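As stored in target.cif (mmCIF, C-alpha atoms and all ligand atoms):
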```
data_upload
loop_
_atom_site.label_atom_id
_atom_site.label_comp_id
_atom_site.auth_asym_id
_atom_site.auth_seq_id
_atom_site.Cartn_x
_atom_site.Cartn_y
_atom_site.Cartn_z
CA MET H 11 -82.95 181.87 36.02
CA SER H 12 -81.27 185.05 37.23
CA LEU H 13 -77.55 185.64 37.47
CA PRO H 14 -77.57 185.81 41.33
CA ALA H 15 -79.39 182.46 41.54
CA PHE H 16 -76.89 180.94 39.11
CA ILE H 17 -73.96 182.22 41.15
CA ALA H 18 -75.53 181.07 44.42
CA ALA H 19 -75.81 177.55 43.07
CA LEU H 20 -72.14 177.66 41.99
CA ASP H 21 -71.06 178.96 45.40
CA LEU H 22 -72.93 176.20 47.16
CA LEU H 23 -71.21 173.62 44.98
CA ALA H 24 -67.79 175.19 45.52
CA ALA H 25 -68.30 175.22 49.28
CA ASP H 26 -69.55 171.68 49.42
CA ALA H 27 -67.05 170.02 47.06
CA PRO H 28 -63.79 169.97 49.12
CA ALA H 29 -65.37 168.09 52.02
CA ARG H 30 -66.96 165.52 49.73
CA ILE H 31 -63.73 164.98 47.84
CA GLY H 32 -61.79 164.64 51.08
CA ALA H 33 -64.31 162.08 52.35
CA ALA H 34 -63.62 159.68 49.45
CA VAL H 35 -61.79 156.82 51.21
CA ASP H 36 -60.73 154.85 48.16
CA LEU H 37 -60.52 155.12 44.37
CA GLU H 38 -63.97 153.68 43.92
CA ALA H 39 -65.52 156.29 46.20
CA TRP H 40 -63.43 158.98 44.47
CA THR H 41 -64.93 157.97 41.13
CA GLU H 42 -68.42 158.28 42.55
CA VAL H 43 -67.71 161.73 43.97
CA ARG H 44 -66.19 162.92 40.72
CA ASN H 45 -69.23 161.76 38.78
CA ALA H 46 -71.57 163.45 41.25
CA LEU H 47 -69.68 166.77 41.07
CA VAL H 48 -68.45 167.17 37.50
CA GLY H 49 -69.70 164.03 35.67
CA ARG H 50 -70.96 164.78 32.18
CA GLN H 51 -74.10 162.71 32.65
CA SER H 52 -75.44 163.86 35.98
CA GLY H 53 -72.77 165.94 37.70
CA ARG H 54 -74.03 168.95 39.67
CA LEU H 55 -71.80 171.35 37.75
CA THR H 56 -73.19 170.01 34.47
CA ASP H 57 -76.71 170.59 35.76
CA ILE H 58 -75.95 174.15 36.78
CA MET H 59 -74.23 174.93 33.47
CA ALA H 60 -77.30 173.71 31.63
CA GLY H 61 -79.01 176.84 33.01
CA LEU H 62 -76.55 179.15 31.18
CA GLY H 63 -78.77 179.37 28.16
CA ALA H 64 -81.68 180.61 30.24
CA LEU H 65 -79.72 183.64 31.50
CA ALA H 66 -80.00 187.09 30.01
CA LYS H 67 -77.50 187.43 27.18
CA GLU H 68 -75.40 190.12 28.93
CA ASP H 69 -75.03 187.90 32.05
CA ARG H 70 -73.76 184.80 30.29
CA ARG H 71 -70.15 185.83 30.02
CA GLU H 72 -69.74 186.43 33.73
CA ALA H 73 -71.73 183.30 34.62
CA GLY H 74 -69.53 181.22 32.31
CA GLN H 75 -66.32 182.56 33.83
CA ARG H 76 -67.54 181.89 37.38
CA ALA H 77 -68.60 178.37 36.47
CA ASN H 78 -65.25 177.70 34.86
CA SER H 79 -63.25 178.77 37.89
CA VAL H 80 -65.38 176.53 40.14
CA LYS H 81 -64.76 173.70 37.71
CA VAL H 82 -60.99 174.25 37.74
CA ALA H 83 -60.93 174.34 41.54
CA ILE H 84 -62.95 171.13 41.85
CA GLU H 85 -60.77 169.38 39.30
CA GLU H 86 -57.63 170.38 41.13
CA ALA H 87 -59.01 169.05 44.39
CA LEU H 88 -60.03 165.82 42.67
CA ALA H 89 -56.59 165.33 41.13
CA HIS H 90 -54.93 165.96 44.46
CA ARG H 91 -57.14 163.43 46.27
CA HIS H 92 -56.65 160.90 43.48
CA ALA H 93 -52.88 161.07 43.88
CA GLU H 94 -53.23 160.51 47.63
CA LEU H 95 -55.52 157.53 47.21
CA ALA H 96 -53.45 155.96 44.42
CA ALA H 97 -50.33 156.16 46.57
CA ALA H 98 -52.16 154.53 49.48
CA ALA H 99 -54.03 151.90 47.47
CA PRO H 100 -51.41 149.13 47.18
CA LYS H 101 -50.77 149.30 50.93
CA SER H 102 -54.43 149.01 51.78
CA GLY H 103 -54.75 146.17 49.21
CA SER H 104 -58.11 147.48 48.13
CA SER H 105 -57.46 147.31 44.39
CA PHE H 106 -55.63 143.95 44.25
CA ASP H 107 -57.24 140.64 44.98
CA LEU H 108 -54.23 138.40 45.59
CA SER H 109 -56.44 135.35 45.92
CA MET H 110 -57.71 135.65 42.34
CA PRO H 111 -56.60 132.65 40.24
CA ALA H 112 -54.17 133.45 37.42
CA ARG H 113 -55.60 133.39 33.93
CA GLY H 114 -54.49 130.44 31.78
CA ARG H 115 -52.83 131.24 28.48
CA TRP H 116 -54.46 129.51 25.53
CA LYS H 117 -52.02 128.43 22.89
CA GLY H 118 -53.29 126.79 19.74
CA ALA H 119 -52.18 123.18 19.23
CA VAL H 120 -51.82 121.16 16.04
CA HIS H 121 -54.07 118.10 15.76
CA PRO H 122 -52.02 114.88 16.18
CA VAL H 123 -53.16 113.65 12.75
CA SER H 124 -52.13 116.94 11.13
CA LEU H 125 -48.76 116.64 12.87
CA VAL H 126 -48.20 113.23 11.25
CA ILE H 127 -49.26 114.54 7.82
CA ASP H 128 -46.96 117.56 8.11
CA GLU H 129 -43.99 115.41 9.14
CA VAL H 130 -44.56 112.86 6.38
CA ILE H 131 -44.80 115.66 3.79
CA GLU H 132 -41.60 117.22 5.11
CA ILE H 133 -39.65 113.95 4.84
CA PHE H 134 -40.81 113.26 1.27
CA ARG H 135 -40.30 116.89 0.28
CA GLU H 136 -36.61 116.38 1.02
CA LEU H 137 -36.69 113.55 -1.53
CA GLY H 138 -38.16 115.75 -4.26
CA PHE H 139 -41.85 114.90 -3.86
CA THR H 140 -44.48 117.59 -4.48
CA ILE H 141 -48.13 117.68 -3.37
CA ALA H 142 -51.05 116.58 -5.54
CA LEU H 143 -54.72 116.89 -4.61
CA GLY H 144 -57.93 115.41 -5.96
CA PRO H 145 -61.68 115.75 -5.29
CA GLU H 146 -63.39 113.99 -2.37
CA ALA H 147 -66.56 113.57 -4.45
CA GLU H 148 -64.92 111.41 -7.09
CA HIS H 149 -66.04 109.64 -10.24
CA ALA H 150 -66.36 105.90 -9.64
CA TRP H 151 -64.06 105.30 -12.60
CA TYR H 152 -61.18 107.10 -10.90
CA ASN H 153 -61.92 105.44 -7.57
CA PHE H 154 -62.24 101.88 -8.93
CA GLY H 155 -62.20 101.32 -12.70
CA ALA H 156 -59.01 103.14 -13.56
CA LEU H 157 -57.37 101.43 -10.60
CA ASN H 158 -57.99 98.01 -12.11
CA PHE H 159 -60.99 97.02 -9.98
CA PRO H 160 -63.15 94.98 -12.42
CA ASP H 161 -66.88 95.73 -12.02
CA ASP H 162 -67.65 92.34 -10.53
CA HIS H 163 -64.35 91.72 -8.81
CA PRO H 164 -64.55 90.62 -5.16
CA ALA H 165 -61.92 93.28 -4.40
CA MET H 166 -64.75 95.80 -4.59
CA ASP H 167 -66.02 94.28 -1.37
CA LEU H 168 -62.96 95.66 0.39
CA HIS H 169 -64.54 99.07 0.17
CA ASP H 170 -67.90 99.84 1.61
CA THR H 171 -68.62 102.79 -0.55
CA LEU H 172 -70.88 105.82 -0.13
CA TYR H 173 -72.47 106.40 -3.55
CA LEU H 174 -73.56 109.90 -4.48
CA GLY H 175 -75.43 109.07 -7.69
CA ASP H 176 -74.49 110.21 -11.22
CA GLY H 177 -71.55 107.83 -11.16
CA GLN H 178 -70.00 109.71 -8.26
CA VAL H 179 -68.78 108.28 -4.97
CA LEU H 180 -67.18 109.73 -1.88
CA ARG H 181 -63.68 108.51 -2.59
CA THR H 182 -62.80 105.45 -0.50
CA HIS H 183 -59.06 106.07 -0.78
CA THR H 184 -56.59 108.63 -2.12
CA SER H 185 -55.41 106.27 -4.89
CA PRO H 186 -57.59 107.98 -7.57
CA VAL H 187 -55.21 110.94 -7.28
CA GLN H 188 -52.57 108.65 -8.86
CA VAL H 189 -54.56 108.48 -12.10
CA ARG H 190 -55.51 112.17 -12.11
CA THR H 191 -51.87 113.14 -11.59
CA LEU H 192 -50.56 110.86 -14.33
CA GLN H 193 -53.17 112.21 -16.75
CA GLN H 194 -52.08 115.75 -16.03
CA TYR H 195 -48.29 115.57 -15.69
CA PRO H 196 -45.82 113.59 -17.79
CA PRO H 197 -43.26 111.43 -15.94
CA PRO H 198 -41.02 111.74 -14.02
CA VAL H 199 -43.71 112.04 -11.36
CA ARG H 200 -43.01 112.10 -7.64
CA VAL H 201 -46.05 113.19 -5.63
CA LEU H 202 -47.65 112.88 -2.24
CA ALA H 203 -51.45 113.16 -2.05
CA PRO H 204 -52.84 113.76 1.44
CA GLY H 205 -56.61 113.97 1.91
CA ASN H 206 -59.78 112.67 3.51
CA VAL H 207 -61.50 109.46 2.44
CA TYR H 208 -64.87 107.95 3.32
CA ARG H 209 -66.15 104.45 4.05
CA ARG H 210 -69.55 103.17 5.05
CA ASP H 211 -68.29 102.32 8.54
CA PHE H 212 -69.57 103.10 12.00
CA PHE H 213 -67.34 104.66 14.60
CA ASP H 214 -65.75 102.05 16.83
CA PRO H 215 -62.40 101.96 18.64
CA SER H 216 -60.52 101.26 15.41
CA HIS H 217 -62.82 102.58 12.62
CA ALA H 218 -64.16 105.93 11.50
CA PRO H 219 -66.45 106.73 8.52
CA MET H 220 -64.04 109.48 7.45
CA PHE H 221 -60.31 109.52 7.90
CA ALA H 222 -57.17 110.88 6.31
CA GLN H 223 -54.85 109.03 3.98
CA ILE H 224 -51.55 109.92 2.40
CA GLU H 225 -50.88 108.51 -1.05
CA GLY H 226 -47.42 108.41 -2.58
CA LEU H 227 -46.60 107.86 -6.25
CA VAL H 228 -43.37 107.61 -8.22
CA VAL H 229 -43.42 106.98 -11.98
CA ASP H 230 -40.45 107.18 -14.33
CA GLU H 231 -38.40 105.01 -16.66
CA GLY H 232 -36.54 102.23 -14.85
CA VAL H 233 -38.21 102.53 -11.43
CA SER H 234 -38.01 99.24 -9.50
CA PHE H 235 -39.20 97.54 -6.33
CA ALA H 236 -35.72 98.27 -4.88
CA ASP H 237 -36.57 102.00 -5.11
CA LEU H 238 -39.81 101.34 -3.23
CA LYS H 239 -38.09 99.42 -0.42
CA ALA H 240 -35.22 101.85 -0.07
CA THR H 241 -37.42 104.94 -0.08
CA LEU H 242 -40.02 103.60 2.35
CA SER H 243 -37.36 102.22 4.73
CA HIS H 244 -35.63 105.59 4.68
CA PHE H 245 -38.97 107.23 5.44
CA ALA H 246 -39.56 104.86 8.41
CA ARG H 247 -36.14 105.66 9.89
CA ARG H 248 -36.64 109.40 9.45
CA PHE H 249 -40.12 109.26 10.93
CA PHE H 250 -39.79 106.70 13.74
CA GLY H 251 -36.06 106.96 14.55
CA SER H 252 -32.76 105.98 12.93
CA THR H 253 -32.64 102.44 14.36
CA THR H 254 -36.19 101.52 13.28
CA GLN H 255 -36.53 98.04 11.78
CA THR H 256 -38.92 97.51 8.87
CA ARG H 257 -40.31 94.42 7.18
CA PHE H 258 -42.28 93.97 3.97
CA ARG H 259 -45.00 91.34 3.74
CA PRO H 260 -46.65 90.23 0.48
CA SER H 261 -50.18 91.59 0.08
CA TYR H 262 -52.83 92.25 -2.54
CA PHE H 263 -54.24 95.43 -4.06
CA PRO H 264 -55.89 95.52 -7.51
CA PHE H 265 -53.81 98.55 -8.55
CA THR H 266 -50.35 97.22 -7.66
CA GLU H 267 -48.41 94.13 -8.73
CA PRO H 268 -46.58 92.93 -6.76
CA SER H 269 -48.14 94.37 -3.61
CA ALA H 270 -46.75 94.61 -0.09
CA GLU H 271 -47.44 95.93 3.36
CA MET H 272 -44.72 97.55 5.42
CA ASP H 273 -44.48 97.01 9.17
CA VAL H 274 -42.22 98.86 11.59
CA GLN H 275 -41.04 97.52 14.88
CA CYS H 276 -43.42 98.61 17.65
CA GLY H 277 -42.04 101.77 19.24
CA VAL H 278 -43.95 101.24 22.48
CA CYS H 279 -42.40 97.83 23.39
CA SER H 280 -39.38 97.83 20.98
CA GLY H 281 -40.66 94.60 19.46
CA SER H 282 -41.16 92.48 22.58
CA GLY H 283 -44.96 92.58 22.31
CA CYS H 284 -47.55 94.83 23.97
CA SER H 285 -51.20 95.83 23.67
CA VAL H 286 -50.49 98.50 21.05
CA CYS H 287 -48.95 95.96 18.61
CA LYS H 288 -51.31 93.19 19.77
CA GLN H 289 -48.29 91.21 21.08
CA SER H 290 -46.79 90.89 17.57
CA GLY H 291 -43.91 93.34 18.04
CA TRP H 292 -44.78 94.95 14.66
CA ILE H 293 -47.09 97.72 13.53
CA GLU H 294 -48.47 97.88 10.00
CA ILE H 295 -47.77 101.33 8.60
CA LEU H 296 -48.70 101.30 4.93
CA GLY H 297 -49.71 99.39 1.82
CA ALA H 298 -47.52 99.67 -1.26
CA GLY H 299 -46.56 98.05 -4.53
CA MET H 300 -45.46 98.46 -8.12
CA VAL H 301 -48.10 100.41 -10.06
CA HIS H 302 -50.11 97.90 -12.11
CA PRO H 303 -49.53 98.28 -15.87
CA ALA H 304 -53.33 98.58 -16.32
CA VAL H 305 -53.31 101.70 -14.13
CA LEU H 306 -50.52 103.30 -16.18
CA GLU H 307 -52.42 102.50 -19.37
CA ALA H 308 -55.71 103.87 -17.93
CA ALA H 309 -53.87 107.13 -17.31
CA GLY H 310 -52.64 107.12 -20.92
CA LEU H 311 -49.03 106.08 -20.29
CA ASP H 312 -46.99 103.45 -22.14
CA SER H 313 -46.54 100.70 -19.53
CA GLU H 314 -43.67 99.18 -21.55
CA ARG H 315 -41.69 102.36 -21.14
CA PHE H 316 -42.69 103.55 -17.66
CA THR H 317 -42.81 101.81 -14.30
CA GLY H 318 -43.67 103.13 -10.89
CA TRP H 319 -44.45 102.40 -7.29
CA ALA H 320 -47.06 103.70 -4.92
CA PHE H 321 -48.03 103.58 -1.29
CA GLY H 322 -50.95 104.54 0.91
CA MET H 323 -50.86 105.17 4.64
CA GLY H 324 -53.33 106.20 7.33
CA PRO H 325 -51.93 109.01 9.47
CA ALA H 326 -54.59 108.46 12.17
CA ARG H 327 -53.36 104.90 12.68
CA THR H 328 -49.82 106.20 12.83
CA ALA H 329 -50.75 108.86 15.40
CA ILE H 330 -52.52 106.23 17.49
CA SER H 331 -49.58 103.86 17.65
CA ARG H 332 -47.13 106.70 18.12
CA HIS H 333 -48.96 108.01 21.21
CA GLY H 334 -50.46 104.72 22.44
CA ILE H 335 -54.01 106.12 22.00
CA PRO H 336 -56.49 103.35 22.90
CA ASP H 337 -59.48 104.50 20.80
CA ILE H 338 -59.48 106.19 17.38
CA ARG H 339 -62.65 108.13 18.29
CA ILE H 340 -60.65 110.33 20.67
CA LEU H 341 -59.06 111.88 17.56
CA TYR H 342 -62.46 113.05 16.30
CA ASP H 343 -64.08 114.19 19.58
CA ALA H 344 -62.65 117.74 19.46
CA ASP H 345 -62.02 117.58 23.23
CA VAL H 346 -59.51 120.35 23.91
CA ARG H 347 -58.24 118.59 27.06
CA PHE H 348 -56.89 115.91 24.72
CA LEU H 349 -55.97 118.10 21.75
CA ASP H 350 -54.18 120.69 23.86
CA GLN H 351 -51.36 118.25 24.62
CA PHE H 352 -49.88 118.18 21.16
CA THR H 353 -47.32 120.69 20.04
CA ARG H 354 -44.75 120.62 17.36
N1 LIG B 1 -55.68 102.57 -1.44
C1 LIG B 1 -55.37 101.54 -0.44
C2 LIG B 1 -56.44 101.52 0.63
O1 LIG B 1 -57.12 102.47 0.81
C3 LIG B 1 -54.03 101.84 0.18
C4 LIG B 1 -52.92 101.62 -0.77
C5 LIG B 1 -52.32 100.41 -0.86
C6 LIG B 1 -52.47 102.62 -1.58
C7 LIG B 1 -51.28 100.18 -1.72
C8 LIG B 1 -51.43 102.43 -2.48
C9 LIG B 1 -50.84 101.18 -2.54
O2 LIG B 1 -50.97 103.39 -3.29
O3 LIG B 1 -49.81 100.98 -3.40
O4 LIG B 1 -56.56 100.54 1.31
#
```

Could I get this file's structure written as structure tokens?
Amino acid sequence: MSLPAFIAALDLLAADAPARIGAAVDLEAWTEVRNALVGRQSGRLTDIMAGLGALAKEDRREAGQRANSVKVAIEEALAHRHAELAAAAPKSGSSFDLSMPARGRWKGAVHPVSLVIDEVIEIFRELGFTIALGPEAEHAWYNFGALNFPDDHPAMDLHDTLYLGDGQVLRTHTSPVQVRTLQQYPPPVRVLAPGNVYRRDFFDPSHAPMFAQIEGLVVDEGVSFADLKATLSHFARRFFGSTTQTRFRPSYFPFTEPSAEMDVQCGVCSGSGCSVCKQSGWIEILGAGMVHPAVLEAAGLDSERFTGWAFGMGPARTAISRHGIPDIRILYDADVRFLDQFTR
């Protein structure tokens, strides 16, 4: 290319540009014009400048200067038009769609079962309890034997167990953490053991094959059933409200003697009877009892010297009665329309 041809192309562009820029009626059109004139990909100026290298060496300086002044002029005109269009845009409404729906803000929510677990832990933490954890794939001895389930005892039928082989089971309750804790830490022991447990159950409105439990354990010298009742009643009032009534009914567990179940007055009907409490006015919250001497001995403790009490509760059950949830499966469906409703 010769210098005159190069300059002619620049002149043509410079002559053409103002009218095209002025014809841009909105910011979208302005963007198109800018790209067509000075865009780095396919702008006309870019195309012309690509011919610089083909010019004779002594012409390049002048060609470059000319090209640059055209560029500056075009950019000034573009900036000027942009300011005009931007000032006019809100009035014309072209860049705002007022009918567009607002975007929802997604906040994370805490699962209702996790909320119960967190609150229970907080209440017992105030009483000096710490957290203990154990494995979900557990040795059958910890799950049953050490907890005073004899091999052929009908109590074993209470648990439909998932066996893993090699003497391992998926733990059917969090009670094995009692034994593991006592083996590891000398009394006084005050622990809470939250975790998942497994049973050979099908999902139905009140059962799930996996669910959470919270185990509690207190072992020391001179611990009595009065400590159990006082502590668990205090817990119920802190958790369900300061006027909450509790009652203890005799029960049976192989690993406690004596054993009890604690009910609280139904919060939905205040005890008058409703579908949540099956017309009884009471909701069963937990199983508890004095730790059986055989369990203390299995963990290597002197059962003449030490006594203790324990409890186990199901936070899913608690969440269900707290919120009047009709079907336990809703807790495991991961449906955000349900889960979204729970906040601390
Ligand atoms: N492990 C029992 C179960 O899964 C619950 C339980 C009852 C735990 C009484 C305890 C207890 O610590 O004292 O059904």

Shell around Leu227 of chain H at 8 Å using all atoms listed in the file, local window under 4 positions removed, as a PDB file with C-alpha atoms, keeping the file's coordinate frame:
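Dumped everything to around-v2.pdb:
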```pdb
ATOM      1  CA  GLN H 188     -52.570 108.650  -8.860  1.00  0.00           C
ATOM      2  CA  VAL H 199     -43.710 112.040 -11.360  1.00  0.00           C
ATOM      3  CA  ARG H 200     -43.010 112.100  -7.640  1.00  0.00           C
ATOM      4  CA  VAL H 201     -46.050 113.190  -5.630  1.00  0.00           C
ATOM      5  CA  LEU H 202     -47.650 112.880  -2.240  1.00  0.00           C
ATOM      6  CA  GLY H 318     -43.670 103.130 -10.890  1.00  0.00           C
ATOM      7  CA  TRP H 319     -44.450 102.400  -7.290  1.00  0.00           C
ATOM      8  CA  ALA H 320     -47.060 103.700  -4.920  1.00  0.00           C
ATOM      9  CA  PHE H 321     -48.030 103.580  -1.290  1.00  0.00           C
TER      10      PHE H 321
END
```

Test item: axis-aligned box, all listed atoms of ligand LIG 1 (chain B), 4 Å on each side, centre and edges in Å rounded to one decimal, as JSON:
```
{"center_x": -53.5, "center_y": 101.8, "center_z": -1.0, "size_x": 15.3, "size_y": 11.2, "size_z": 12.7}
```

Name all residues at most 9 Å from Leu47 of chain H (count all atoms listed in the file; drop same-chain ones fewer than 5 positions away) and give them as a PDB file with C-alpha atoms, keeping the file's coordinate frame.
```
ATOM      1  CA  LEU H  23     -71.210 173.620  44.980  1.00  0.00           C
ATOM      2  CA  ALA H  27     -67.050 170.020  47.060  1.00  0.00           C
ATOM      3  CA  GLU H  42     -68.420 158.280  42.550  1.00  0.00           C
ATOM      4  CA  SER H  52     -75.440 163.860  35.980  1.00  0.00           C
ATOM      5  CA  GLY H  53     -72.770 165.940  37.700  1.00  0.00           C
ATOM      6  CA  ARG H  54     -74.030 168.950  39.670  1.00  0.00           C
ATOM      7  CA  LEU H  55     -71.800 171.350  37.750  1.00  0.00           C
ATOM      8  CA  THR H  56     -73.190 170.010  34.470  1.00  0.00           C
ATOM      9  CA  ILE H  84     -62.950 171.130  41.850  1.00  0.00           C
TER      10      ILE H  84
END
```

Requested in this report: Set the cut-off to 9 Å, count all atoms listed in the file, and list whatever residues fall near ligand LIG 1 (chain B) as a PyMOL selection string.
Outcome: chain H and resi 168-169+182-186+188+207+223-227+261-267+269-271+296-301+319-324

Take the residues that were just selected and, keeping C-alpha atoms, output them as an mmCIF file, keeping the file's coordinate frame.
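Result saved to again-v9.cif:
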```
data_model
loop_
_atom_site.group_PDB
_atom_site.id
_atom_site.type_symbol
_atom_site.label_atom_id
_atom_site.label_comp_id
_atom_site.auth_asym_id
_atom_site.auth_seq_id
_atom_site.Cartn_x
_atom_site.Cartn_y
_atom_site.Cartn_z
ATOM 1 C CA LEU H 168 -62.960 95.660 0.390
ATOM 2 C CA HIS H 169 -64.540 99.070 0.170
ATOM 3 C CA THR H 182 -62.800 105.450 -0.500
ATOM 4 C CA HIS H 183 -59.060 106.070 -0.780
ATOM 5 C CA THR H 184 -56.590 108.630 -2.120
ATOM 6 C CA SER H 185 -55.410 106.270 -4.890
ATOM 7 C CA PRO H 186 -57.590 107.980 -7.570
ATOM 8 C CA GLN H 188 -52.570 108.650 -8.860
ATOM 9 C CA VAL H 207 -61.500 109.460 2.440
ATOM 10 C CA GLN H 223 -54.850 109.030 3.980
ATOM 11 C CA ILE H 224 -51.550 109.920 2.400
ATOM 12 C CA GLU H 225 -50.880 108.510 -1.050
ATOM 13 C CA GLY H 226 -47.420 108.410 -2.580
ATOM 14 C CA LEU H 227 -46.600 107.860 -6.250
ATOM 15 C CA SER H 261 -50.180 91.590 0.080
ATOM 16 C CA TYR H 262 -52.830 92.250 -2.540
ATOM 17 C CA PHE H 263 -54.240 95.430 -4.060
ATOM 18 C CA PRO H 264 -55.890 95.520 -7.510
ATOM 19 C CA PHE H 265 -53.810 98.550 -8.550
ATOM 20 C CA THR H 266 -50.350 97.220 -7.660
ATOM 21 C CA GLU H 267 -48.410 94.130 -8.730
ATOM 22 C CA SER H 269 -48.140 94.370 -3.610
ATOM 23 C CA ALA H 270 -46.750 94.610 -0.090
ATOM 24 C CA GLU H 271 -47.440 95.930 3.360
ATOM 25 C CA LEU H 296 -48.700 101.300 4.930
ATOM 26 C CA GLY H 297 -49.710 99.390 1.820
ATOM 27 C CA ALA H 298 -47.520 99.670 -1.260
ATOM 28 C CA GLY H 299 -46.560 98.050 -4.530
ATOM 29 C CA MET H 300 -45.460 98.460 -8.120
ATOM 30 C CA VAL H 301 -48.100 100.410 -10.060
ATOM 31 C CA TRP H 319 -44.450 102.400 -7.290
ATOM 32 C CA ALA H 320 -47.060 103.700 -4.920
ATOM 33 C CA PHE H 321 -48.030 103.580 -1.290
ATOM 34 C CA GLY H 322 -50.950 104.540 0.910
ATOM 35 C CA MET H 323 -50.860 105.170 4.640
ATOM 36 C CA GLY H 324 -53.330 106.200 7.330
#
```

Requested in this report: Between H:Met59, H:Ala46, H:Leu143, H:Leu137, single out the one closest to Asp26 of chain H, counting only C-alpha atoms.
Outcome: H:Ala46

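In this comparison, which uses only C-alpha atoms, the residue of H:Asp350, H:Trp40, H:Gly63, H:Arg248 approaching Arg115 of chain H most closely is H:Asp350.
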
Report summary line: Pairwise distance, atom CA of Phe134 of chain H with atom CA of Cys276 of chain H, equals 22.1 Å

Query raised in the report: With only C-alpha atoms as the atoms that count, which of H:Val120, H:Leu180, H:Leu108, H:Asp21 lies nearest to Arg76 of chain H?
Result: H:Asp21

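With distances restricted to all atoms listed in the file, H:Tyr195 is the closest residue to Ala142 of chain H from H:Tyr195, H:Phe258, H:Phe154, H:Phe250.
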
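Picture a line from atom CA of Ala97 of chain H to atom CA of Ala39 of chain H; it runs 15.2 Å.
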
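A straight line drawn from atom CA of Gly232 of chain H to atom CA of Pro198 of chain H is 10.5 Å long.
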
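Across H:Ser12, H:Gln255, H:Asn45, H:Asn206, the tightest approach to Ala64 of chain H is made by H:Ser12 when counting all atoms listed in the file.
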
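Every protein, DNA or RNA residue with an atom at most 12 Å from Ile17 of chain H, where all atoms listed in the file count and chain neighbours fewer than 3 positions away do not, is listed here: Met11, Ser12, Leu13, Pro14, Leu20, Asp21, Leu22, Leu23, Ala24, Leu55, Ile58, Met59, Gly61, Leu62, Leu65, Asp69, Arg70, Glu72, Ala73, Gly74, Gln75, Arg76, Ala77, Asn78, Ser79 and Val80 of chain H.
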
Query - Using only C-alpha atoms: which of H:Ala66, H:Leu341, H:Ala304, H:Met110 has the shortest distance to Pro325 of chain H - result: H:Leu341

How about completing segment 210-220 of chain H with N, CA, C and O atoms and giving it to me as a PDB file, in the coordinates of the input?
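Full text of part-v2.pdb as output:
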```pdb
ATOM      1  N   ARG H 210     -68.263 103.373   4.368  1.00  0.00           N
ATOM      2  CA  ARG H 210     -69.550 103.170   5.050  1.00  0.00           C
ATOM      3  C   ARG H 210     -69.297 102.348   6.321  1.00  0.00           C
ATOM      4  O   ARG H 210     -69.635 101.173   6.407  1.00  0.00           O
ATOM      5  N   ASP H 211     -68.664 102.969   7.283  1.00  0.00           N
ATOM      6  CA  ASP H 211     -68.290 102.320   8.540  1.00  0.00           C
ATOM      7  C   ASP H 211     -68.897 103.092   9.695  1.00  0.00           C
ATOM      8  O   ASP H 211     -69.098 104.298   9.601  1.00  0.00           O
ATOM      9  N   PHE H 212     -69.170 102.406  10.786  1.00  0.00           N
ATOM     10  CA  PHE H 212     -69.570 103.100  12.000  1.00  0.00           C
ATOM     11  C   PHE H 212     -68.328 103.383  12.836  1.00  0.00           C
ATOM     12  O   PHE H 212     -67.339 102.663  12.739  1.00  0.00           O
ATOM     13  N   PHE H 213     -68.415 104.417  13.652  1.00  0.00           N
ATOM     14  CA  PHE H 213     -67.340 104.660  14.600  1.00  0.00           C
ATOM     15  C   PHE H 213     -67.224 103.495  15.566  1.00  0.00           C
ATOM     16  O   PHE H 213     -68.217 103.050  16.135  1.00  0.00           O
ATOM     17  N   ASP H 214     -66.032 102.955  15.717  1.00  0.00           N
ATOM     18  CA  ASP H 214     -65.750 102.050  16.830  1.00  0.00           C
ATOM     19  C   ASP H 214     -64.296 102.307  17.214  1.00  0.00           C
ATOM     20  O   ASP H 214     -63.677 103.204  16.639  1.00  0.00           O
ATOM     21  N   PRO H 215     -63.747 101.575  18.183  1.00  0.00           N
ATOM     22  CA  PRO H 215     -62.400 101.960  18.640  1.00  0.00           C
ATOM     23  C   PRO H 215     -61.336 101.988  17.550  1.00  0.00           C
ATOM     24  O   PRO H 215     -60.319 102.669  17.682  1.00  0.00           O
ATOM     25  N   SER H 216     -61.561 101.247  16.445  1.00  0.00           N
ATOM     26  CA  SER H 216     -60.520 101.260  15.410  1.00  0.00           C
ATOM     27  C   SER H 216     -61.039 101.667  14.024  1.00  0.00           C
ATOM     28  O   SER H 216     -60.315 101.556  13.045  1.00  0.00           O
ATOM     29  N   HIS H 217     -62.299 102.142  13.922  1.00  0.00           N
ATOM     30  CA  HIS H 217     -62.820 102.580  12.620  1.00  0.00           C
ATOM     31  C   HIS H 217     -63.497 103.942  12.712  1.00  0.00           C
ATOM     32  O   HIS H 217     -64.076 104.281  13.740  1.00  0.00           O
ATOM     33  N   ALA H 218     -63.438 104.663  11.605  1.00  0.00           N
ATOM     34  CA  ALA H 218     -64.160 105.930  11.500  1.00  0.00           C
ATOM     35  C   ALA H 218     -64.699 106.028  10.077  1.00  0.00           C
ATOM     36  O   ALA H 218     -64.081 105.508   9.143  1.00  0.00           O
ATOM     37  N   PRO H 219     -65.871 106.638   9.872  1.00  0.00           N
ATOM     38  CA  PRO H 219     -66.450 106.730   8.520  1.00  0.00           C
ATOM     39  C   PRO H 219     -65.691 107.716   7.630  1.00  0.00           C
ATOM     40  O   PRO H 219     -65.841 107.697   6.417  1.00  0.00           O
ATOM     41  N   MET H 220     -64.885 108.584   8.234  1.00  0.00           N
ATOM     42  CA  MET H 220     -64.040 109.480   7.450  1.00  0.00           C
ATOM     43  C   MET H 220     -62.676 109.529   8.106  1.00  0.00           C
ATOM     44  O   MET H 220     -62.597 109.603   9.331  1.00  0.00           O
TER      45      MET H 220
END
```
